[in-house]
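target35.txt follows; it contains compact mmCIF, C-alpha atoms and all ligand atoms.
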# COMPACT_ATOMS: atom_id res chain seq x y z
CA MET F 24 -27.49 19.44 -22.43
CA SER F 25 -29.05 21.48 -19.62
CA HIS F 26 -30.03 19.89 -16.34
CA PRO F 27 -33.47 20.65 -14.88
CA PRO F 28 -33.63 23.92 -12.95
CA THR F 29 -33.38 23.92 -9.17
CA LEU F 30 -36.63 24.95 -7.47
CA ARG F 31 -36.05 28.35 -5.86
CA ALA F 32 -38.18 30.73 -3.80
CA THR F 33 -38.35 33.79 -6.06
CA ARG F 34 -38.44 37.06 -4.14
CA VAL F 35 -39.52 40.37 -5.71
CA LEU F 36 -37.93 43.48 -4.16
CA PRO F 37 -38.25 47.16 -5.02
CA ALA F 38 -35.11 48.51 -6.69
CA ASP F 39 -34.13 50.75 -3.75
CA ALA F 40 -30.77 50.82 -1.95
CA ALA F 41 -31.60 47.70 0.09
CA GLY F 42 -32.82 45.82 -2.99
CA ILE F 43 -29.69 46.75 -4.94
CA ALA F 44 -27.41 45.62 -2.08
CA GLU F 45 -29.29 42.33 -1.80
CA ALA F 46 -29.08 41.78 -5.58
CA ALA F 47 -25.30 42.25 -5.49
CA ARG F 48 -25.01 39.88 -2.51
CA VAL F 49 -27.03 37.17 -4.30
CA LEU F 50 -24.98 37.63 -7.50
CA VAL F 51 -21.56 37.28 -5.83
CA SER F 52 -22.77 34.16 -4.03
CA GLY F 53 -23.66 32.51 -7.36
CA GLY F 54 -27.42 33.23 -7.48
CA LEU F 55 -29.77 34.37 -10.24
CA VAL F 56 -31.25 37.90 -10.21
CA ALA F 57 -33.59 39.54 -12.72
CA LEU F 58 -32.53 43.17 -13.17
CA PRO F 59 -34.06 46.11 -15.00
CA THR F 60 -32.03 47.59 -17.86
CA GLU F 61 -33.14 50.38 -20.20
CA THR F 62 -33.85 47.80 -22.94
CA VAL F 63 -35.46 44.75 -21.29
CA TYR F 64 -35.14 42.93 -17.96
CA GLY F 65 -32.01 40.76 -17.85
CA LEU F 66 -31.44 37.54 -15.92
CA ALA F 67 -28.12 38.22 -14.24
CA CYS F 68 -25.42 35.98 -12.82
CA ASP F 69 -21.67 36.15 -12.13
CA ALA F 70 -20.02 35.79 -15.56
CA THR F 71 -16.85 34.42 -13.94
CA ASP F 72 -18.66 31.52 -12.22
CA PRO F 73 -19.39 28.52 -14.47
CA ARG F 74 -21.76 26.98 -11.90
CA ALA F 75 -23.83 30.16 -11.82
CA VAL F 76 -23.87 30.34 -15.63
CA ALA F 77 -24.91 26.69 -15.89
CA SER F 78 -27.81 27.30 -13.50
CA LEU F 79 -28.83 30.36 -15.55
CA TYR F 80 -28.98 28.29 -18.75
CA ALA F 81 -31.08 25.73 -16.85
CA ALA F 82 -33.46 28.38 -15.48
CA LYS F 83 -34.03 29.82 -18.97
CA GLY F 84 -34.16 26.43 -20.63
CA ARG F 85 -31.67 27.96 -23.09
CA PRO F 86 -29.47 25.87 -25.36
CA SER F 87 -26.00 26.18 -23.89
CA PHE F 88 -24.25 26.97 -27.19
CA ASN F 89 -25.68 30.45 -26.87
CA PRO F 90 -23.10 32.99 -25.62
CA LEU F 91 -24.15 35.63 -23.09
CA ILE F 92 -23.50 39.39 -22.99
CA ALA F 93 -21.08 40.51 -20.25
CA HIS F 94 -22.43 43.63 -18.54
CA ILE F 95 -20.02 46.10 -16.95
CA PRO F 96 -20.53 49.60 -15.55
CA ASP F 97 -18.08 51.57 -17.71
CA VAL F 98 -15.34 51.54 -20.35
CA ALA F 99 -12.59 50.94 -17.79
CA ALA F 100 -14.32 47.76 -16.60
CA ALA F 101 -14.95 46.75 -20.23
CA ARG F 102 -11.22 46.91 -20.97
CA ARG F 103 -10.62 44.27 -18.31
CA VAL F 104 -13.00 41.86 -20.10
CA GLY F 105 -12.35 42.45 -23.81
CA GLU F 106 -9.90 44.21 -26.12
CA LEU F 107 -11.28 47.53 -27.36
CA ALA F 108 -9.50 48.36 -30.63
CA PRO F 109 -9.72 52.04 -31.69
CA ALA F 110 -12.97 51.62 -33.67
CA ALA F 111 -14.71 49.84 -30.79
CA ALA F 112 -13.35 52.35 -28.28
CA ALA F 113 -14.71 55.23 -30.37
CA LEU F 114 -18.19 53.66 -30.50
CA ALA F 115 -18.04 52.96 -26.76
CA ALA F 116 -17.09 56.58 -26.04
CA LEU F 117 -20.07 57.82 -28.09
CA PHE F 118 -22.81 55.39 -27.09
CA TRP F 119 -22.01 53.95 -23.64
CA PRO F 120 -23.82 53.78 -21.36
CA GLY F 121 -26.70 52.86 -23.68
CA PRO F 122 -28.37 50.16 -25.78
CA LEU F 123 -25.29 49.12 -27.80
CA THR F 124 -23.43 45.80 -27.38
CA LEU F 125 -19.95 45.41 -28.88
CA VAL F 126 -18.49 41.98 -29.74
CA VAL F 127 -14.70 42.16 -29.32
CA PRO F 128 -11.79 39.76 -28.73
CA ALA F 129 -12.11 38.28 -25.23
CA ILE F 130 -9.48 38.64 -22.53
CA ALA F 131 -8.71 35.12 -21.34
CA ASP F 132 -10.24 34.17 -17.98
CA ALA F 133 -12.01 37.52 -17.46
CA THR F 134 -15.28 35.65 -18.07
CA CYS F 135 -15.75 31.89 -17.91
CA ASP F 136 -15.77 29.79 -21.09
CA LEU F 137 -19.37 28.75 -20.51
CA ALA F 138 -20.56 32.38 -20.47
CA ARG F 139 -18.89 32.85 -23.88
CA ALA F 140 -20.02 29.42 -25.11
CA GLY F 141 -16.36 28.72 -25.77
CA LEU F 142 -15.94 31.61 -28.23
CA GLY F 143 -12.75 33.68 -28.36
CA SER F 144 -14.88 36.83 -28.55
CA VAL F 145 -17.02 38.44 -25.88
CA ALA F 146 -20.10 40.65 -26.14
CA LEU F 147 -19.80 43.76 -23.93
CA ARG F 148 -22.61 46.04 -22.80
CA VAL F 149 -22.69 49.05 -20.47
CA PRO F 150 -26.37 49.56 -19.62
CA ALA F 151 -27.69 53.05 -18.91
CA HIS F 152 -30.36 52.09 -16.34
CA PRO F 153 -29.36 53.50 -12.94
CA VAL F 154 -30.41 50.30 -11.14
CA ALA F 155 -28.35 48.11 -13.47
CA GLN F 156 -25.43 50.53 -13.05
CA ALA F 157 -25.69 50.39 -9.25
CA VAL F 158 -25.86 46.58 -9.15
CA LEU F 159 -22.90 46.23 -11.53
CA ARG F 160 -20.78 48.57 -9.40
CA ALA F 161 -21.75 46.79 -6.18
CA ALA F 162 -21.07 43.33 -7.65
CA GLY F 163 -17.64 44.43 -8.92
CA ARG F 164 -17.35 41.77 -11.60
CA PRO F 165 -18.71 41.16 -15.11
CA ILE F 166 -22.33 40.07 -15.01
CA ALA F 167 -23.81 37.78 -17.68
CA ALA F 168 -27.39 38.75 -18.47
CA PRO F 169 -29.56 37.39 -21.25
CA SER F 170 -33.14 38.61 -21.41
CA ALA F 171 -35.06 37.30 -18.36
CA ASN F 172 -37.54 35.12 -20.24
CA ARG F 173 -37.90 31.39 -20.77
CA SER F 174 -36.07 30.41 -23.94
CA GLY F 175 -38.31 31.01 -26.97
CA HIS F 176 -40.57 33.54 -25.23
CA VAL F 177 -40.57 37.27 -25.94
CA SER F 178 -38.30 39.42 -23.77
CA PRO F 179 -39.74 40.85 -20.53
CA THR F 180 -40.22 44.60 -20.17
CA SER F 181 -41.72 44.46 -16.66
CA ALA F 182 -41.16 42.56 -13.41
CA ALA F 183 -44.55 40.91 -13.91
CA HIS F 184 -43.39 39.45 -17.26
CA VAL F 185 -40.29 38.03 -15.53
CA LEU F 186 -42.37 36.49 -12.76
CA ALA F 187 -44.75 34.91 -15.29
CA ASP F 188 -41.83 33.15 -17.02
CA LEU F 189 -39.34 32.41 -14.22
CA ASP F 190 -41.19 32.18 -10.88
CA GLY F 191 -39.64 29.33 -8.88
CA ARG F 192 -36.54 29.22 -11.11
CA ILE F 193 -34.59 32.29 -9.96
CA ASP F 194 -33.71 33.87 -6.61
CA LEU F 195 -34.68 37.51 -6.93
CA ILE F 196 -36.41 40.06 -9.16
CA LEU F 197 -35.65 43.77 -8.73
CA ASP F 198 -38.75 45.69 -9.76
CA ALA F 199 -38.05 49.14 -11.22
CA GLY F 200 -41.17 49.45 -13.37
CA PRO F 201 -41.37 49.13 -17.16
CA CYS F 202 -38.26 49.39 -19.40
CA ALA F 203 -37.92 52.63 -21.37
CA VAL F 204 -36.51 51.27 -24.66
CA GLY F 205 -38.38 47.97 -24.86
CA VAL F 206 -36.28 46.11 -27.45
CA GLU F 207 -32.86 44.57 -26.77
CA SER F 208 -29.56 46.31 -27.46
CA THR F 209 -28.13 46.71 -30.95
CA ILE F 210 -25.20 44.27 -31.39
CA LEU F 211 -22.15 45.17 -33.49
CA ASP F 212 -19.36 42.71 -34.30
CA CYS F 213 -16.13 44.69 -33.88
CA THR F 214 -13.73 41.78 -34.33
CA GLY F 215 -13.05 42.51 -38.02
CA ALA F 216 -11.78 45.45 -40.06
CA THR F 217 -15.14 47.30 -39.97
CA PRO F 218 -18.09 46.94 -37.59
CA VAL F 219 -20.89 44.60 -38.72
CA LEU F 220 -24.49 44.75 -37.49
CA LEU F 221 -25.40 41.40 -35.88
CA ARG F 222 -28.72 42.42 -34.31
CA PRO F 223 -30.77 45.59 -34.88
CA GLY F 224 -31.90 46.94 -31.52
CA GLY F 225 -32.47 49.88 -29.25
CA LEU F 226 -29.78 52.09 -30.82
CA PRO F 227 -31.00 52.88 -34.36
CA ARG F 228 -28.70 52.01 -37.27
CA GLU F 229 -28.90 55.62 -38.50
CA GLU F 230 -27.22 56.95 -35.33
CA ILE F 231 -24.33 54.49 -35.67
CA GLU F 232 -23.91 55.24 -39.37
CA ALA F 233 -23.86 58.97 -38.66
CA ALA F 234 -21.09 58.40 -36.11
CA LEU F 235 -19.10 56.13 -38.44
CA GLY F 236 -19.67 58.32 -41.47
CA ALA F 237 -20.33 55.10 -43.37
CA THR F 238 -23.05 52.58 -44.14
CA LEU F 239 -23.16 49.74 -41.64
CA ALA F 240 -22.85 46.26 -43.13
CA SER F 241 -25.38 43.75 -41.85
CA HIS F 242 -24.04 40.24 -41.63
CA ALA F 243 -25.59 38.72 -44.80
CA SER F 244 -28.42 41.08 -43.81
CA SER F 245 -29.59 39.85 -40.41
CA VAL F 246 -32.98 39.47 -42.12
CA GLU F 247 -31.93 36.37 -44.04
CA ALA F 248 -29.52 35.22 -41.35
CA ALA F 249 -32.47 35.07 -38.97
CA GLY F 250 -33.80 32.11 -40.90
CA SER F 251 -30.60 30.11 -40.95
CA GLU F 252 -30.24 28.15 -37.75
CA ALA F 253 -27.22 26.29 -39.11
CA ALA F 254 -24.77 29.11 -38.51
CA PRO F 255 -26.57 31.88 -36.68
CA LEU F 256 -24.36 34.89 -36.49
CA ALA F 257 -25.36 36.29 -33.16
CA PRO F 258 -25.75 32.64 -32.18
CA GLY F 259 -28.85 33.38 -30.11
CA MET F 260 -30.72 34.91 -33.03
CA LEU F 261 -32.65 31.81 -34.00
CA ALA F 262 -35.59 32.65 -36.19
CA SER F 263 -38.17 31.46 -33.68
CA HIS F 264 -36.50 33.14 -30.70
CA TYR F 265 -39.47 35.41 -30.00
CA ALA F 266 -42.38 33.19 -30.96
CA PRO F 267 -45.73 33.71 -29.20
CA SER F 268 -47.87 30.56 -28.88
CA VAL F 269 -50.33 31.58 -31.63
CA PRO F 270 -49.40 32.35 -35.27
CA VAL F 271 -48.32 35.89 -36.10
CA ARG F 272 -49.32 37.26 -39.53
CA LEU F 273 -47.25 40.21 -40.76
CA ASP F 274 -48.17 43.04 -43.16
CA ALA F 275 -51.86 42.32 -42.71
CA HIS F 276 -54.04 44.50 -44.93
CA GLU F 277 -57.32 42.99 -43.69
CA LEU F 278 -58.50 41.03 -40.64
CA THR F 279 -59.86 37.48 -40.52
CA PRO F 280 -62.55 36.88 -37.85
CA GLY F 281 -61.03 35.56 -34.61
CA GLU F 282 -57.71 37.31 -35.14
CA ALA F 283 -56.33 39.91 -32.75
CA LEU F 284 -54.90 43.08 -34.32
CA LEU F 285 -51.59 44.74 -33.54
CA THR F 286 -51.78 48.10 -35.23
CA PHE F 287 -49.84 51.39 -35.44
CA ALA F 288 -50.70 55.08 -35.75
CA GLY F 289 -54.44 54.44 -35.60
CA ALA F 290 -54.57 52.22 -38.71
CA ARG F 291 -57.82 50.23 -38.92
CA PRO F 292 -57.65 47.74 -41.83
CA PRO F 293 -60.88 46.23 -43.22
CA GLY F 294 -62.32 43.63 -40.82
CA THR F 295 -61.02 45.39 -37.70
CA SER F 296 -64.52 45.49 -36.22
CA ALA F 297 -64.47 41.65 -36.14
CA ALA F 298 -61.07 41.50 -34.41
CA SER F 299 -61.07 39.74 -31.05
CA LEU F 300 -58.84 42.45 -29.57
CA VAL F 301 -57.14 45.56 -30.98
CA ARG F 302 -53.95 47.13 -29.56
CA ASP F 303 -52.08 50.09 -31.05
CA LEU F 304 -48.28 50.16 -30.62
CA SER F 305 -48.41 53.95 -30.79
CA PRO F 306 -51.60 55.83 -31.69
CA ALA F 307 -49.39 58.90 -32.28
CA GLY F 308 -47.20 56.97 -34.77
CA ASP F 309 -44.07 57.24 -32.59
CA LEU F 310 -41.59 54.36 -33.19
CA VAL F 311 -39.88 54.93 -29.83
CA GLU F 312 -43.18 54.40 -28.04
CA ALA F 313 -43.92 51.42 -30.30
CA ALA F 314 -40.65 49.69 -29.36
CA ALA F 315 -41.29 50.26 -25.67
CA ARG F 316 -44.75 48.65 -25.91
CA LEU F 317 -43.98 45.85 -28.43
CA PHE F 318 -43.27 42.89 -26.14
CA ALA F 319 -45.96 43.73 -23.57
CA LEU F 320 -48.61 43.97 -26.30
CA LEU F 321 -47.42 40.74 -27.97
CA ARG F 322 -47.78 38.99 -24.60
CA GLU F 323 -51.24 40.49 -24.05
CA LEU F 324 -52.54 39.55 -27.53
CA ASP F 325 -50.97 36.08 -27.28
CA GLY F 326 -52.80 35.43 -24.01
CA SER F 327 -56.14 36.77 -25.23
CA GLY F 328 -57.49 33.59 -26.81
CA ALA F 329 -57.21 34.93 -30.38
CA SER F 330 -56.61 32.41 -33.17
CA ALA F 331 -53.72 34.51 -34.54
CA ILE F 332 -52.12 37.94 -34.24
CA ALA F 333 -52.35 40.09 -37.38
CA VAL F 334 -49.86 42.95 -37.59
CA VAL F 335 -50.27 45.96 -39.89
CA PRO F 336 -47.31 47.09 -42.06
CA LEU F 337 -44.91 49.23 -40.01
CA PRO F 338 -42.29 51.86 -40.91
CA ARG F 339 -38.73 50.47 -41.15
CA HIS F 340 -36.59 53.49 -40.22
CA GLY F 341 -35.09 54.20 -36.78
CA LEU F 342 -36.34 51.72 -34.18
CA GLY F 343 -38.62 50.32 -36.90
CA GLU F 344 -35.75 48.07 -38.01
CA ALA F 345 -35.51 46.38 -34.60
CA ILE F 346 -39.30 46.15 -34.32
CA ALA F 347 -39.53 44.53 -37.78
CA ASP F 348 -36.74 42.10 -36.85
CA ARG F 349 -38.48 40.97 -33.63
CA LEU F 350 -41.84 40.65 -35.40
CA ARG F 351 -40.27 38.56 -38.18
CA ARG F 352 -38.94 36.18 -35.54
CA ALA F 353 -42.32 36.14 -33.79
CA ALA F 354 -43.90 35.12 -37.10
CA ALA F 355 -41.33 32.44 -37.95
CA PRO F 356 -42.51 28.84 -37.73
CA ARG F 357 -41.27 27.21 -34.53
CA PRO F 358 -39.04 24.14 -34.67
CA ALA F 359 -40.85 20.93 -33.76
O1 LIG Q 1 -30.53 44.54 -24.34
C1 LIG Q 1 -29.92 43.47 -24.23
O2 LIG Q 1 -28.91 43.20 -24.91
C2 LIG Q 1 -30.42 42.48 -23.18
C3 LIG Q 1 -30.25 43.12 -21.80
C4 LIG Q 1 -30.65 42.20 -20.69
O3 LIG Q 1 -28.91 43.56 -21.63
N1 LIG Q 1 -29.73 41.24 -23.26
C5 LIG Q 1 -29.93 40.36 -24.28
O4 LIG Q 1 -29.21 39.17 -24.16
O5 LIG Q 1 -30.67 40.57 -25.20
P1 LIG Q 1 -29.57 37.86 -24.99
O6 LIG Q 1 -28.73 36.78 -24.38
O7 LIG Q 1 -31.05 37.62 -25.00
O8 LIG Q 1 -29.03 38.15 -26.42
C6 LIG Q 1 -27.64 38.27 -26.62
C7 LIG Q 1 -27.28 37.99 -28.05
C8 LIG Q 1 -27.51 36.56 -28.46
O9 LIG Q 1 -28.11 36.55 -29.74
C9 LIG Q 1 -26.10 35.98 -28.51
O10 LIG Q 1 -25.99 34.94 -29.42
C10 LIG Q 1 -25.29 37.20 -28.92
O11 LIG Q 1 -25.87 38.24 -28.20
N2 LIG Q 1 -23.88 37.08 -28.55
C11 LIG Q 1 -23.34 37.00 -27.32
N3 LIG Q 1 -22.01 36.86 -27.38
C12 LIG Q 1 -21.67 36.85 -28.68
C13 LIG Q 1 -20.44 36.73 -29.40
N4 LIG Q 1 -19.29 36.57 -28.77
N5 LIG Q 1 -20.50 36.77 -30.74
C14 LIG Q 1 -21.68 36.95 -31.39
N6 LIG Q 1 -22.86 37.05 -30.77
C15 LIG Q 1 -22.87 37.00 -29.44
MG MG Q 2 -33.10 37.04 -25.42
As structure tokens - that is how I would like this structure written.
Ligand code: TXA
Ligand code: MG
Amino acid sequence: MSHPPTLRATRVLPADAAGIAEAARVLVSGGLVALPTETVYGLACDATDPRAVASLYAAKGRPSFNPLIAHIPDVAAARRVGELAPAAAALAALFWPGPLTLVVPAIADATCDLARAGLGSVALRVPAHPVAQAVLRAAGRPIAAPSANRSGHVSPTSAAHVLADLDGRIDLILDAGPCAVGVESTILDCTGATPVLLRPGGLPREEIEAALGATLASHASSVEAAGSEAAPLAPGMLASHYAPSVPVRLDAHELTPGEALLTFAGARPPGTSAASLVRDLSPAGDLVEAAARLFALLRELDGSGASAIAVVPLPRHGLGEAIADRLRRAAAPRPA
């Protein structure tokens, strides 16, 4: 399905004016650039260029049935790529730029079929990060950008994470330091009568529900949908999408010797003293901080030589929903 990736010299540049100009130049000539966004680093390419999109799938080792989010700098650019019905336009006006992706009917030929995996809908996102904004404006076309990790790995929240996964497979990494939000955007399907939550993410459900004045339907609750690989609803949300290499044990109330501990708000369950390594998502019990640190700490614990990662029970409100979703995927058994 995907051909082997071309060997590339991967450059890392600071995200200053020269770096931004170079990123736009590489993008419009069909190359692959890792960009900071406020959620996670994205691996960007020209969403109108099927050759560029094919090389992006190859670099990620991603199954090509997985559609990509089209990134644009503002609502006006979004309207050239997808149809914003009144409900979608209202959400866009409230939450863009920001960590919200809207799935809407696609405008034919505004993005290539491969970027949409042949779907008649398109996922639209206007990122808030100033570097992403500047690159999108300079490139002047929709930019496809999945998270800049190898398929199956956790999303990168620093340039170093990107380099660890994709060195030699992409052309350029713009380094703007760690991502502020730390989990991917919230995805809403706006193709039907009422918006449906496809992926919990960096914009908490509560904020969307307050804006809608209604409870947000989850597609068969994305919790269960996460396990069904037959008809995944955000097609990239396979259960094992975020799997570290060692087992992840959720809702741990005690530690088994040899395990590493991912904890929250200073919790120290029985057996903690025998843990191989202890990391706290947020000693102060702040879910925003916890989301921002989640993927970096999963990577650190995964690489520490522990036999497994035990995770204490975590709150489920606000960004806790997205954190719980990513941890559930991290704990899911991987396909053979
Ligand atoms: O925060 C984010 O959204 C990051 C940054 C880089 O922008 N991007 C990101 O992209 O998380 P990715 O490719 O890792 O996840 C995009 C998700 C996938 O689960 C994909 O299946 C879903 O969006 N998706 C894309 N187009 C879709 C569509 N037309 N209908 C339903 N789901 C779609
Ligand atoms: Mg991803």
Long-range neighbours of Ile95 (chain F) as number ranges by chain, 12 Å cut-off, all atoms listed in the file, 2 positions minimum in chain: F: 67, 69-70, 92-93, 97-105, 119-121, 124-125, 133-134, 146-152, 155-168
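With distances restricted to all atoms listed in the file, F:Val177 is the closest residue to ligand MG 2 (chain Q) from F:Val177, F:Ala275, F:Val127, F:Ala112.
Here the question is which of F:Ala216, F:Leu273, F:Ala314, F:Val204 gets nearest to Arg352 (chain F) using all atoms listed in the file, and that residue is F:Leu273.
Of the residues under consideration (F:Val269, F:Ala46, F:Val335, F:Leu239), F:Ala46 shows the shortest atom-to-atom contact distance to Ile193 (chain F) when counting only C-alpha atoms.
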Spatial neighbours of Val271 (chain F), max dist 7 Å, all atoms listed in the file, sep filter under 6 positions, as a ChimeraX atom specification: /F:331-333,353-354
Excluding region 26-33 of chain F and residues on its chain fewer than 6 positions from it, collect all residues at most 7 Å away from it, counting all atoms listed in the file, and give them as a CSV table (one decimal) with C-alpha atoms, keeping the file's coordinate frame.
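New file around38.csv:
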chain,number,residue,atom,x,y,z
F,78,SER,CA,-27.8,27.3,-13.5
F,81,ALA,CA,-31.1,25.7,-16.8
F,82,ALA,CA,-33.5,28.4,-15.5
F,190,ASP,CA,-41.2,32.2,-10.9
F,191,GLY,CA,-39.6,29.3,-8.9
F,192,ARG,CA,-36.5,29.2,-11.1
F,193,ILE,CA,-34.6,32.3,-10.0
F,194,ASP,CA,-33.7,33.9,-6.6
F,195,LEU,CA,-34.7,37.5,-6.9
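Proximity ranking of F:Ser144, F:Thr217, F:Ser174, F:Thr279 relative to ligand LIG 1 (chain Q) places F:Ser144 first, based on only C-alpha atoms and all ligand atoms.
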Can you tell me, as lines of an AutoDock Vina configuration file, the centre and edge lengths (Å, one decimal) of the axis-aligned box enclosing all of ligand LIG 1 (chain Q)'s listed atoms after padding each side by 8 Å?
center_x = -25.2
center_y = 39.7
center_z = -26.0
size_x = 27.8
size_y = 25.6
size_z = 26.7
